[in-house]
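Enquirer: This is the content of model.cif (mmCIF, C-alpha atoms and all ligand atoms):
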```
data_target
loop_
_atom_site.label_atom_id
_atom_site.label_comp_id
_atom_site.auth_asym_id
_atom_site.auth_seq_id
_atom_site.Cartn_x
_atom_site.Cartn_y
_atom_site.Cartn_z
CA MET A 1 -83.88 188.13 165.51
CA LYS A 2 -87.23 186.37 165.44
CA PRO A 3 -87.50 183.05 167.35
CA GLY A 4 -88.87 181.37 164.20
CA PHE A 5 -85.80 182.33 162.24
CA ILE A 6 -83.48 181.05 164.99
CA ARG A 7 -85.30 177.71 164.99
CA LEU A 8 -84.95 177.54 161.24
CA VAL A 9 -81.20 178.18 161.47
CA ALA A 10 -80.88 175.49 164.13
CA ILE A 11 -82.77 172.94 162.01
CA PHE A 12 -80.73 173.85 158.99
CA SER A 13 -77.44 173.46 160.91
CA MET A 14 -78.56 170.07 162.19
CA LEU A 15 -79.46 168.88 158.71
CA PHE A 16 -76.16 170.19 157.41
CA ALA A 17 -74.23 168.33 160.15
CA MET A 18 -76.12 165.14 159.29
CA PHE A 19 -75.34 165.62 155.62
CA VAL A 20 -71.65 166.19 156.32
CA SER A 21 -71.29 163.14 158.53
CA ALA A 22 -73.31 160.98 156.10
CA SER A 23 -71.30 162.01 153.10
CA PHE A 24 -67.99 161.37 154.90
CA GLY A 25 -68.97 158.13 156.61
CA GLY A 26 -67.27 155.29 154.76
CA GLU A 27 -66.84 151.61 155.39
CA VAL A 28 -63.59 149.88 156.20
CA GLU A 29 -63.42 146.14 156.03
CA VAL A 30 -60.61 145.24 158.41
CA LEU A 31 -58.83 141.92 158.21
CA HIS A 32 -57.06 140.97 161.46
CA TRP A 33 -56.41 137.94 163.64
CA TRP A 34 -57.23 139.41 167.03
CA THR A 35 -59.82 136.95 168.29
CA SER A 36 -58.75 135.98 171.84
CA GLY A 37 -60.37 137.72 174.85
CA GLY A 38 -57.60 140.29 175.34
CA GLU A 39 -57.13 140.83 171.61
CA ALA A 40 -60.83 141.35 170.89
CA LYS A 41 -61.06 143.87 173.73
CA SER A 42 -58.09 145.75 172.26
CA VAL A 43 -59.27 145.90 168.67
CA GLY A 44 -62.72 146.93 169.93
CA VAL A 45 -61.16 150.28 170.89
CA LEU A 46 -60.28 151.03 167.28
CA LYS A 47 -63.72 150.05 166.07
CA GLN A 48 -65.35 152.40 168.61
CA LEU A 49 -63.12 155.34 167.72
CA LEU A 50 -63.78 154.87 164.03
CA GLU A 51 -67.52 154.54 164.51
CA ALA A 52 -67.52 157.70 166.64
CA GLU A 53 -66.33 159.52 163.52
CA GLY A 54 -69.28 158.21 161.54
CA HIS A 55 -67.54 155.36 159.72
CA THR A 56 -68.56 151.73 159.56
CA TRP A 57 -66.30 148.91 160.71
CA LYS A 58 -66.81 145.67 158.83
CA ASP A 59 -65.03 143.05 160.85
CA PHE A 60 -63.02 140.45 158.98
CA ALA A 61 -61.45 138.46 161.81
CA VAL A 62 -59.58 135.32 160.81
CA ALA A 63 -58.82 133.21 163.88
CA GLY A 64 -55.38 131.69 164.25
CA GLY A 65 -52.63 133.05 166.49
CA GLY A 66 -49.57 134.45 164.77
CA GLY A 67 -51.68 135.33 161.72
CA ASP A 68 -50.62 132.65 159.23
CA THR A 69 -54.21 131.71 158.41
CA ALA A 70 -55.14 135.38 158.10
CA MET A 71 -52.31 135.91 155.60
CA THR A 72 -53.47 132.95 153.47
CA VAL A 73 -57.01 134.29 153.43
CA LEU A 74 -55.74 137.78 152.57
CA ARG A 75 -53.75 136.44 149.63
CA SER A 76 -56.73 134.61 148.21
CA ARG A 77 -58.99 137.66 148.53
CA ALA A 78 -56.35 139.81 146.84
CA VAL A 79 -55.77 137.29 144.05
CA SER A 80 -59.48 137.28 143.27
CA GLY A 81 -59.31 141.09 142.95
CA ASN A 82 -61.33 141.74 146.08
CA PRO A 83 -58.97 142.66 148.94
CA PRO A 84 -60.38 144.12 152.16
CA THR A 85 -59.88 147.87 152.67
CA ALA A 86 -57.39 147.39 155.52
CA ALA A 87 -55.36 144.42 156.68
CA GLN A 88 -53.06 143.55 159.58
CA VAL A 89 -49.76 142.89 157.84
CA LYS A 90 -46.23 143.39 159.14
CA GLY A 91 -42.50 143.44 158.51
CA PRO A 92 -41.01 142.55 155.12
CA GLN A 93 -44.43 141.52 153.83
CA ILE A 94 -45.34 145.21 153.63
CA GLN A 95 -42.67 145.55 150.94
CA GLN A 96 -44.04 142.54 149.09
CA TRP A 97 -47.52 144.08 148.96
CA GLY A 98 -45.89 147.35 147.90
CA ASP A 99 -44.25 145.53 144.97
CA GLU A 100 -47.69 144.48 143.79
CA GLY A 101 -48.77 148.11 143.50
CA VAL A 102 -52.02 147.63 145.41
CA LEU A 103 -51.38 149.79 148.48
CA ALA A 104 -52.87 153.20 149.25
CA ASN A 105 -50.44 156.04 149.90
CA LEU A 106 -50.76 157.40 153.45
CA ASP A 107 -48.27 160.26 153.12
CA ASP A 108 -50.80 163.05 153.70
CA VAL A 109 -52.03 161.49 156.96
CA ALA A 110 -48.45 160.85 158.03
CA LYS A 111 -47.42 164.41 157.26
CA LYS A 112 -50.33 165.95 159.14
CA GLY A 113 -49.71 163.61 162.06
CA ASP A 114 -45.95 164.20 162.04
CA TRP A 115 -45.20 160.46 161.92
CA ASP A 116 -41.59 160.98 160.86
CA ARG A 117 -40.92 162.69 164.16
CA LEU A 118 -43.14 160.48 166.30
CA LEU A 119 -41.78 157.11 165.14
CA PRO A 120 -38.32 155.63 165.64
CA ALA A 121 -36.60 155.42 162.24
CA VAL A 122 -36.33 151.61 162.48
CA VAL A 123 -40.11 151.54 162.57
CA SER A 124 -40.97 154.18 159.99
CA ASP A 125 -38.59 152.57 157.48
CA VAL A 126 -40.63 149.37 157.62
CA MET A 127 -43.89 151.31 157.17
CA LYS A 128 -42.67 152.96 153.96
CA TYR A 129 -42.49 151.58 150.46
CA LYS A 130 -40.00 153.45 148.25
CA GLY A 131 -40.07 156.36 150.69
CA HIS A 132 -43.88 156.60 150.97
CA TYR A 133 -45.97 155.58 153.94
CA VAL A 134 -48.14 152.57 153.05
CA ALA A 135 -48.63 151.15 156.55
CA VAL A 136 -49.44 152.46 160.00
CA PRO A 137 -47.85 150.89 163.10
CA VAL A 138 -49.94 150.02 166.11
CA ASN A 139 -47.66 148.85 168.91
CA VAL A 140 -44.45 147.18 169.98
CA HIS A 141 -44.73 143.65 171.34
CA ARG A 142 -41.88 141.96 173.15
CA ILE A 143 -41.54 138.24 172.45
CA ASN A 144 -38.99 137.05 175.01
CA TRP A 145 -41.22 136.85 178.06
CA MET A 146 -42.10 134.09 180.49
CA TRP A 147 -45.52 134.28 182.17
CA CYS A 148 -45.53 132.64 185.58
CA ASN A 149 -48.11 131.69 188.17
CA PRO A 150 -46.34 132.52 191.47
CA ASP A 151 -48.74 130.38 193.47
CA VAL A 152 -47.80 127.25 191.53
CA PHE A 153 -44.10 128.02 191.93
CA ARG A 154 -44.62 128.53 195.67
CA LYS A 155 -46.58 125.30 196.12
CA ALA A 156 -43.88 123.37 194.26
CA GLY A 157 -41.05 125.05 196.21
CA ALA A 158 -39.56 126.18 192.92
CA THR A 159 -37.91 129.46 191.94
CA ILE A 160 -38.62 131.38 188.74
CA PRO A 161 -35.68 130.45 186.49
CA THR A 162 -33.30 132.94 184.94
CA THR A 163 -31.16 130.32 183.14
CA TRP A 164 -32.07 127.19 181.17
CA GLU A 165 -30.26 125.08 183.77
CA GLN A 166 -32.44 126.57 186.48
CA PHE A 167 -35.44 125.94 184.27
CA SER A 168 -34.86 122.16 184.38
CA VAL A 169 -34.49 122.22 188.17
CA ALA A 170 -37.71 124.23 188.61
CA ALA A 171 -39.62 122.17 186.05
CA GLU A 172 -38.71 118.90 187.83
CA LYS A 173 -40.01 120.25 191.14
CA ILE A 174 -43.22 121.53 189.56
CA LYS A 175 -43.84 118.21 187.83
CA LYS A 176 -43.28 116.29 191.09
CA ALA A 177 -45.73 118.60 192.85
CA GLY A 178 -48.40 117.53 190.34
CA PHE A 179 -48.57 120.63 188.14
CA ILE A 180 -47.81 121.05 184.44
CA PRO A 181 -44.51 122.96 184.32
CA VAL A 182 -44.97 124.51 180.85
CA ALA A 183 -48.26 125.55 179.26
CA PHE A 184 -47.56 124.80 175.63
CA GLY A 185 -49.46 125.12 172.39
CA GLY A 186 -48.20 122.71 169.73
CA GLN A 187 -48.66 124.88 166.64
CA ALA A 188 -45.77 125.71 164.31
CA TRP A 189 -45.76 129.44 165.12
CA GLN A 190 -45.83 128.85 168.87
CA GLU A 191 -43.03 126.30 168.61
CA ALA A 192 -41.03 128.83 166.57
CA THR A 193 -41.74 131.53 169.17
CA VAL A 194 -40.28 129.40 171.95
CA PHE A 195 -37.41 128.27 169.74
CA GLU A 196 -36.33 131.78 168.77
CA THR A 197 -36.46 132.85 172.40
CA ILE A 198 -34.02 130.05 173.23
CA VAL A 199 -31.76 131.05 170.31
CA LEU A 200 -31.65 134.57 171.73
CA GLY A 201 -30.90 133.33 175.25
CA ILE A 202 -28.30 130.72 174.42
CA GLY A 203 -26.70 132.32 171.37
CA GLY A 204 -26.98 135.98 172.37
CA ALA A 205 -27.90 138.92 170.15
CA ALA A 206 -25.03 138.58 167.65
CA PHE A 207 -25.73 134.87 167.07
CA PHE A 208 -29.48 135.51 166.76
CA ARG A 209 -28.78 138.14 164.12
CA LYS A 210 -26.53 135.82 162.10
CA ALA A 211 -28.80 132.78 162.33
CA LEU A 212 -32.35 134.07 162.24
CA ILE A 213 -32.08 137.47 160.52
CA GLU A 214 -29.21 137.01 158.08
CA ALA A 215 -30.06 133.28 157.69
CA ASP A 216 -26.36 132.49 157.67
CA SER A 217 -25.65 128.81 156.90
CA ALA A 218 -22.68 128.51 159.24
CA ALA A 219 -24.71 129.87 162.17
CA LEU A 220 -27.72 127.71 161.36
CA ASN A 221 -25.60 124.57 161.21
CA SER A 222 -23.43 125.19 164.26
CA GLU A 223 -22.77 123.73 167.69
CA VAL A 224 -24.60 126.65 169.28
CA MET A 225 -27.66 125.82 167.19
CA VAL A 226 -27.46 122.16 168.25
CA LYS A 227 -27.46 123.33 171.87
CA CYS A 228 -30.49 125.57 171.25
CA LEU A 229 -32.37 122.69 169.61
CA THR A 230 -31.50 120.35 172.49
CA ILE A 231 -32.82 122.82 175.08
CA PHE A 232 -35.94 123.35 172.99
CA LYS A 233 -36.65 119.61 172.84
CA ASN A 234 -35.97 119.28 176.56
CA ILE A 235 -39.07 121.41 177.25
CA LYS A 236 -41.34 118.77 175.73
CA GLN A 237 -41.19 116.43 178.75
CA TYR A 238 -42.56 119.28 180.87
CA THR A 239 -45.67 119.84 178.73
CA ASP A 240 -48.94 117.89 178.89
CA LYS A 241 -50.35 115.40 176.41
CA ASP A 242 -52.97 117.83 175.13
CA ALA A 243 -50.39 120.37 173.99
CA PRO A 244 -50.47 119.44 170.26
CA GLY A 245 -52.67 121.91 168.37
CA ARG A 246 -53.60 123.95 171.45
CA ASP A 247 -54.25 127.68 170.88
CA TRP A 248 -51.88 130.06 172.67
CA ASN A 249 -54.63 131.72 174.72
CA LEU A 250 -55.79 128.35 176.03
CA ALA A 251 -52.23 127.73 177.16
CA THR A 252 -52.27 131.13 178.89
CA ALA A 253 -55.53 130.12 180.57
CA MET A 254 -53.73 127.11 182.10
CA VAL A 255 -51.31 129.49 183.82
CA ILE A 256 -54.15 131.82 184.84
CA GLN A 257 -56.08 128.90 186.37
CA GLY A 258 -53.05 127.53 188.23
CA LYS A 259 -52.89 124.29 186.25
CA ALA A 260 -49.53 125.17 184.73
CA ALA A 261 -46.57 127.13 186.09
CA MET A 262 -45.31 129.08 183.08
CA GLN A 263 -45.70 129.94 179.43
CA PHE A 264 -43.10 131.28 177.02
CA MET A 265 -44.97 133.79 174.90
CA GLY A 266 -44.99 137.39 173.70
CA ASP A 267 -46.72 140.02 175.79
CA TRP A 268 -50.07 139.64 174.06
CA ALA A 269 -50.37 136.93 176.77
CA LYS A 270 -50.60 139.75 179.32
CA GLY A 271 -53.80 140.86 177.59
CA GLU A 272 -55.36 137.53 178.62
CA PHE A 273 -54.31 137.92 182.27
CA THR A 274 -55.68 141.47 182.47
CA ALA A 275 -58.88 140.58 180.61
CA ALA A 276 -59.35 137.86 183.27
CA GLY A 277 -58.99 140.51 185.99
CA LYS A 278 -55.57 139.28 187.18
CA ALA A 279 -53.11 141.70 188.75
CA PRO A 280 -49.50 141.85 187.56
CA GLY A 281 -46.92 141.09 190.24
CA VAL A 282 -49.61 139.46 192.38
CA ASP A 283 -51.57 136.90 190.37
CA PHE A 284 -48.97 136.57 187.67
CA ILE A 285 -45.32 137.43 187.17
CA ALA A 286 -43.84 138.59 183.89
CA ALA A 287 -40.15 137.66 183.77
CA PRO A 288 -37.76 137.74 180.82
CA ALA A 289 -37.37 134.28 179.26
CA PRO A 290 -34.21 132.56 180.59
CA GLU A 291 -30.95 134.28 179.69
CA THR A 292 -32.64 137.06 177.71
CA SER A 293 -32.74 139.83 180.31
CA GLY A 294 -31.73 143.09 178.64
CA ALA A 295 -32.45 141.80 175.13
CA PHE A 296 -35.63 142.71 173.29
CA LEU A 297 -37.07 140.61 170.53
CA PHE A 298 -39.67 142.87 168.94
CA ASN A 299 -42.75 142.49 166.89
CA ILE A 300 -44.70 145.45 165.55
CA ASP A 301 -48.29 145.07 164.45
CA SER A 302 -49.33 147.31 161.59
CA PHE A 303 -52.08 147.86 159.05
CA ILE A 304 -51.79 148.31 155.33
CA MET A 305 -54.60 149.92 153.32
CA PHE A 306 -55.54 148.73 149.86
CA ASN A 307 -56.31 151.10 146.98
CA VAL A 308 -60.03 151.83 146.80
CA LYS A 309 -61.98 154.08 144.41
CA ASN A 310 -64.84 155.01 146.70
CA LYS A 311 -64.20 158.45 148.26
CA ASP A 312 -66.01 157.65 151.52
CA ALA A 313 -64.02 154.46 151.92
CA GLN A 314 -60.83 156.44 151.32
CA ALA A 315 -61.87 158.89 154.03
CA ALA A 316 -62.54 155.98 156.40
CA GLN A 317 -59.10 154.49 155.67
CA LYS A 318 -57.44 157.80 156.40
CA SER A 319 -59.37 158.24 159.64
CA MET A 320 -58.33 154.76 160.70
CA ALA A 321 -54.65 155.47 159.97
CA ARG A 322 -54.80 158.79 161.81
CA LEU A 323 -56.62 157.37 164.85
CA ILE A 324 -54.12 154.51 165.23
CA MET A 325 -51.26 156.95 165.72
CA GLU A 326 -53.15 159.28 168.06
CA PRO A 327 -52.23 159.18 171.79
CA LYS A 328 -55.69 158.08 172.92
CA PHE A 329 -55.68 154.90 170.86
CA GLN A 330 -51.99 154.24 171.52
CA GLU A 331 -52.65 154.28 175.25
CA VAL A 332 -55.93 152.39 175.60
CA PHE A 333 -55.15 149.79 172.97
CA ASN A 334 -51.69 148.99 174.28
CA VAL A 335 -52.76 148.82 177.91
CA ASN A 336 -55.32 146.19 176.88
CA LYS A 337 -53.09 144.39 174.40
CA GLY A 338 -50.02 143.98 176.62
CA SER A 339 -47.76 145.84 174.22
CA ILE A 340 -46.21 149.31 174.48
CA PRO A 341 -47.00 152.31 172.27
CA VAL A 342 -45.02 152.67 169.08
CA ARG A 343 -45.48 156.44 169.22
CA LEU A 344 -42.57 158.16 170.96
CA GLY A 345 -43.01 160.52 173.89
CA MET A 346 -46.18 158.91 175.29
CA SER A 347 -47.05 159.21 178.98
CA ARG A 348 -46.30 156.01 180.90
CA ALA A 349 -48.79 156.70 183.69
CA ALA A 350 -51.38 154.14 182.59
CA PHE A 351 -48.91 151.26 182.13
CA ASP A 352 -48.00 148.44 184.56
CA ASP A 353 -44.54 147.28 185.67
CA ALA A 354 -44.07 144.76 182.87
CA ALA A 355 -44.84 147.46 180.31
CA LEU A 356 -42.50 149.90 182.05
CA ARG A 357 -39.76 147.30 181.89
CA ALA A 358 -40.50 146.89 178.18
CA PHE A 359 -40.32 150.68 177.66
CA ASP A 360 -36.92 150.81 179.39
CA GLU A 361 -35.44 147.70 177.83
CA PHE A 362 -36.60 148.75 174.35
CA ALA A 363 -34.40 151.83 174.72
CA SER A 364 -31.46 150.10 176.42
CA ALA A 365 -31.51 147.15 174.00
CA ALA A 366 -31.50 149.60 171.08
CA ALA A 367 -28.38 151.20 172.53
CA SER A 368 -26.59 147.89 173.20
CA GLY A 369 -27.44 146.19 169.89
CA ALA A 370 -29.82 143.70 171.52
CA LEU A 371 -33.00 145.07 169.93
CA LEU A 372 -33.88 142.40 167.38
CA PRO A 373 -36.78 141.77 165.00
CA SER A 374 -38.65 138.53 165.56
CA MET A 375 -38.25 135.77 162.99
CA ALA A 376 -41.33 133.87 164.19
CA HIS A 377 -43.50 136.99 164.02
CA GLU A 378 -42.68 138.02 160.48
CA MET A 379 -40.36 140.90 161.27
CA ALA A 380 -37.00 139.52 160.22
CA VAL A 381 -37.05 137.39 157.07
CA PHE A 382 -39.22 136.91 154.00
CA PRO A 383 -42.05 134.36 154.31
CA ALA A 384 -40.26 131.64 152.27
CA ILE A 385 -37.30 131.58 154.67
CA ARG A 386 -39.54 131.78 157.70
CA GLY A 387 -41.58 128.89 156.31
CA ALA A 388 -38.43 126.77 155.85
CA ILE A 389 -37.35 127.44 159.45
CA PHE A 390 -40.84 126.69 160.77
CA ASP A 391 -40.95 123.34 158.94
CA VAL A 392 -37.64 122.12 160.32
CA VAL A 393 -38.36 123.35 163.85
CA THR A 394 -41.79 121.74 164.00
CA ASN A 395 -40.61 118.47 162.42
CA PHE A 396 -37.72 118.31 164.85
CA TYR A 397 -39.91 119.03 167.87
CA ASN A 398 -42.48 116.43 166.87
CA SER A 399 -40.18 113.58 165.84
CA ASP A 400 -37.06 111.71 166.93
CA MET A 401 -34.81 113.73 164.63
CA PRO A 402 -31.40 114.26 166.29
CA PRO A 403 -30.53 117.94 166.88
CA GLU A 404 -27.40 117.67 164.70
CA GLU A 405 -29.54 116.57 161.76
CA ALA A 406 -32.04 119.38 162.41
CA ALA A 407 -29.27 121.99 162.42
CA LYS A 408 -27.92 120.67 159.13
CA LYS A 409 -31.40 120.63 157.64
CA LEU A 410 -32.04 124.19 158.84
CA ALA A 411 -29.00 125.45 156.93
CA GLN A 412 -29.86 123.46 153.80
CA ASP A 413 -33.59 124.22 153.65
CA VAL A 414 -33.07 127.91 154.34
CA LYS A 415 -30.48 128.10 151.58
CA ASP A 416 -32.90 126.41 149.17
CA ALA A 417 -35.62 128.92 150.11
CA MET A 418 -33.43 131.97 149.44
C1 LIG B 501 -49.25 139.46 166.80
C2 LIG B 501 -50.02 139.79 168.04
C3 LIG B 501 -51.00 138.69 168.33
C4 LIG B 501 -50.27 137.35 168.40
C5 LIG B 501 -51.18 136.18 168.67
C6 LIG B 501 -48.63 138.09 166.92
O1 LIG B 501 -47.99 137.76 165.73
O2 LIG B 501 -48.26 140.40 166.57
O3 LIG B 501 -50.70 141.01 167.89
O4 LIG B 501 -51.68 138.96 169.52
O5 LIG B 501 -49.62 137.12 167.18
O6 LIG B 501 -52.14 136.04 167.72
#
```
For the structure just supplied, provide its representation as structure tokens.

Expert:
Amino acid sequence: MKPGFIRLVAIFSMLFAMFVSASFGGEVEVLHWWTSGGEAKSVGVLKQLLEAEGHTWKDFAVAGGGGDTAMTVLRSRAVSGNPPTAAQVKGPQIQQWGDEGVLANLDDVAKKGDWDRLLPAVVSDVMKYKGHYVAVPVNVHRINWMWCNPDVFRKAGATIPTTWEQFSVAAEKIKKAGFIPVAFGGQAWQEATVFETIVLGIGGAAFFRKALIEADSAALNSEVMVKCLTIFKNIKQYTDKDAPGRDWNLATAMVIQGKAAMQFMGDWAKGEFTAAGKAPGVDFIAAPAPETSGAFLFNIDSFIMFNVKNKDAQAAQKSMARLIMEPKFQEVFNVNKGSIPVRLGMSRAAFDDAALRAFDEFASAAASGALLPSMAHEMAVFPAIRGAIFDVVTNFYNSDMPPEEAAKKLAQDVKDAM
């Protein structure tokens, strides 16, 4: 073959490759609420992978931990007929969006990727609307954690508590030693996160299920609930005066910097410690929240895709869904984020001790009936019920309302919201 001809073939192949990638490169506008240091690092992985396939990532980050602001913004964009291409939405809300008939069907990606085999059924059921995949899961977060600064505990002569009684003893010592015992962010979702962790610890899995999943009036207005509320309020004296309104990651920073001893928060907090270069087991300790060892309150992040007409945008959506479930993303993202992979059968080699404990307790809690969806993180009840619980919990925490009255109000307001 003549060298000229070979060069021509090479140029032609290059042009063809450029044409192929250009014609398949679409844009995805992705709504999410991952704006803290650890979160941004994690979501950056997805952006990179998508861009490596020739697509464009249009970032639509809406700040606000727990995602309530993001969900309000999403609703208003959807109502005006202009939803983003992809959005971070989870739990029962996926079904609500499905009811509106606006979601793209991801069955072909799921089939090619074998999602039915690679996901636990409890997860894939939530991702499907009327039997069709409309969402892709990202991770499994565990809520019932306590993030401790061992140095602060040591200086105060306090021990990391495993019961709520021990918590009060430790918190007193820490306070006397001049530290803030609990790093707290006074926002409704953070208050609800701490509250539900106490309900799990004090009430146990069966009570949690009755009260915060089935929204049972008798459980909501019960002596056990009064006890949970009392313990919740007891924490307040161990927080600082700047707690109201504080973002969760700023509370985590107080533990990182040794100003505070502990924070009750899901394992996205670990993403902040690792992003700050802190070593697990050395600079920080991840312990189960008091009385919740062996139980696993879970929260699964996921993305829904909205129907779009543009073929390139459809291709970009499908790439995004496929990449999320691939081992590479599942590993790097979850190591950064503090969560564990949602995909079954992943290697554990890259994960730290806290993650390994989460892997093991996810399985053992599933077997013992102590694997529970989080109410605070939109996994357990519809938004109206969650909103009613949030209102009572936050009003109770921020007023002089007696716990008996709060329990009664919980039962009443939840019933009205049903
Ligand atoms: C989400 C996490 C997120 C956290 C704080 C939770 O509801 O599931 O992914 O890091 O909120 O914003």

Enquirer: Please provide the set of residues having any atom within 8 Å of segment 402-409 of chain A, restricted to all atoms listed in the file, with same-chain residues fewer than 2 positions apart removed, written as a PyMOL selection string.

Expert: chain A and resi 220-222+225-227+229-230+392-393+396+400+411-413

Enquirer: Could you give me, as a ChimeraX atom specification, the residues within 9 Å of Glu27 of chain A, counting all atoms listed in the file and dropping anything in the same chain fewer than 5 positions from it?

Expert: /A:55-58,85,312-317

Enquirer: Would you compute the distance between atom CA of Phe153 of chain A and atom CA of Pro290 of chain A? Give it in Å to one decimal.

Expert: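 That distance, rounded to one decimal, is 15.7 Å.
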
Enquirer: Which distance in Å separates atom CA of Trp145 of chain A and atom CA of Ala349 of chain A, to one decimal?

Expert: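 These atoms are spaced 22.0 Å apart.
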
Enquirer: Enumerate as an NGL selection string the residues within 7 Å of ligand LIG 501 (chain B), counting only C-alpha atoms and all ligand atoms.

Expert: :A and (33-34 or 39 or 64-67 or 141 or 268 or 299-301 or 377)

Enquirer: Suppose you want the space between atom CA of Leu103 of chain A and atom CA of Thr72 of chain A; what is it in Å?

Expert: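 Computing the Euclidean distance for atom CA of Leu103 of chain A and atom CA of Thr72 of chain A yields 17.7 Å.
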
Enquirer: Report as a PyMOL selection string all protein, DNA and RNA residues lying within 9 Å of Thr252 of chain A, evaluated on all atoms listed in the file, omitting residues in the same chain fewer than 2 positions from it.

Expert: chain A and resi 147+183-184+247-250+254-257+260+262-263+265+269-270+272-273

Enquirer: Which one is closest to Lys111 of chain A: A:Met325, A:Val30, A:Met71, A:Leu297? Count only C-alpha atoms.

Expert: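 When distances to Lys111 of chain A are compared using only C-alpha atoms, the smallest one comes from A:Met325.
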
Enquirer: Which residues are near Trp189 of chain A? Cut-off 7 Å, only C-alpha atoms, ignore same chain within fewer than 3 positions. Put them as a ChimeraX atom specification.

Expert: /A:66,192-193,376

Enquirer: If you count only C-alpha atoms, which residues fall within 12 Å of Ala363 of chain A, apart from same-chain ones fewer than 3 positions away, as a list in words?

Expert: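 The neighbour list is Pro120, Gly294, Ala295, Phe296, Phe298, Leu344, Leu356, Arg357, Ala358, Phe359, Asp360, Ala366, Ala367, Ser368, Gly369, Ala370, Leu371 and Leu372 of chain A.
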
Enquirer: Looking at only C-alpha atoms, which of A:Phe232, A:Ser76, A:Tyr133, A:Val45 is the one that sits closest to Asp114 of chain A?

Expert: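 Distance minimum relative to Asp114 of chain A lands on A:Tyr133.
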
Enquirer: With distances taken over only C-alpha atoms, which of A:Val122, A:Gly186, A:Gln330, A:Ile304 is nearest to His32 of chain A?

Expert: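 Of all the options, A:Ile304 lies closest to His32 of chain A.
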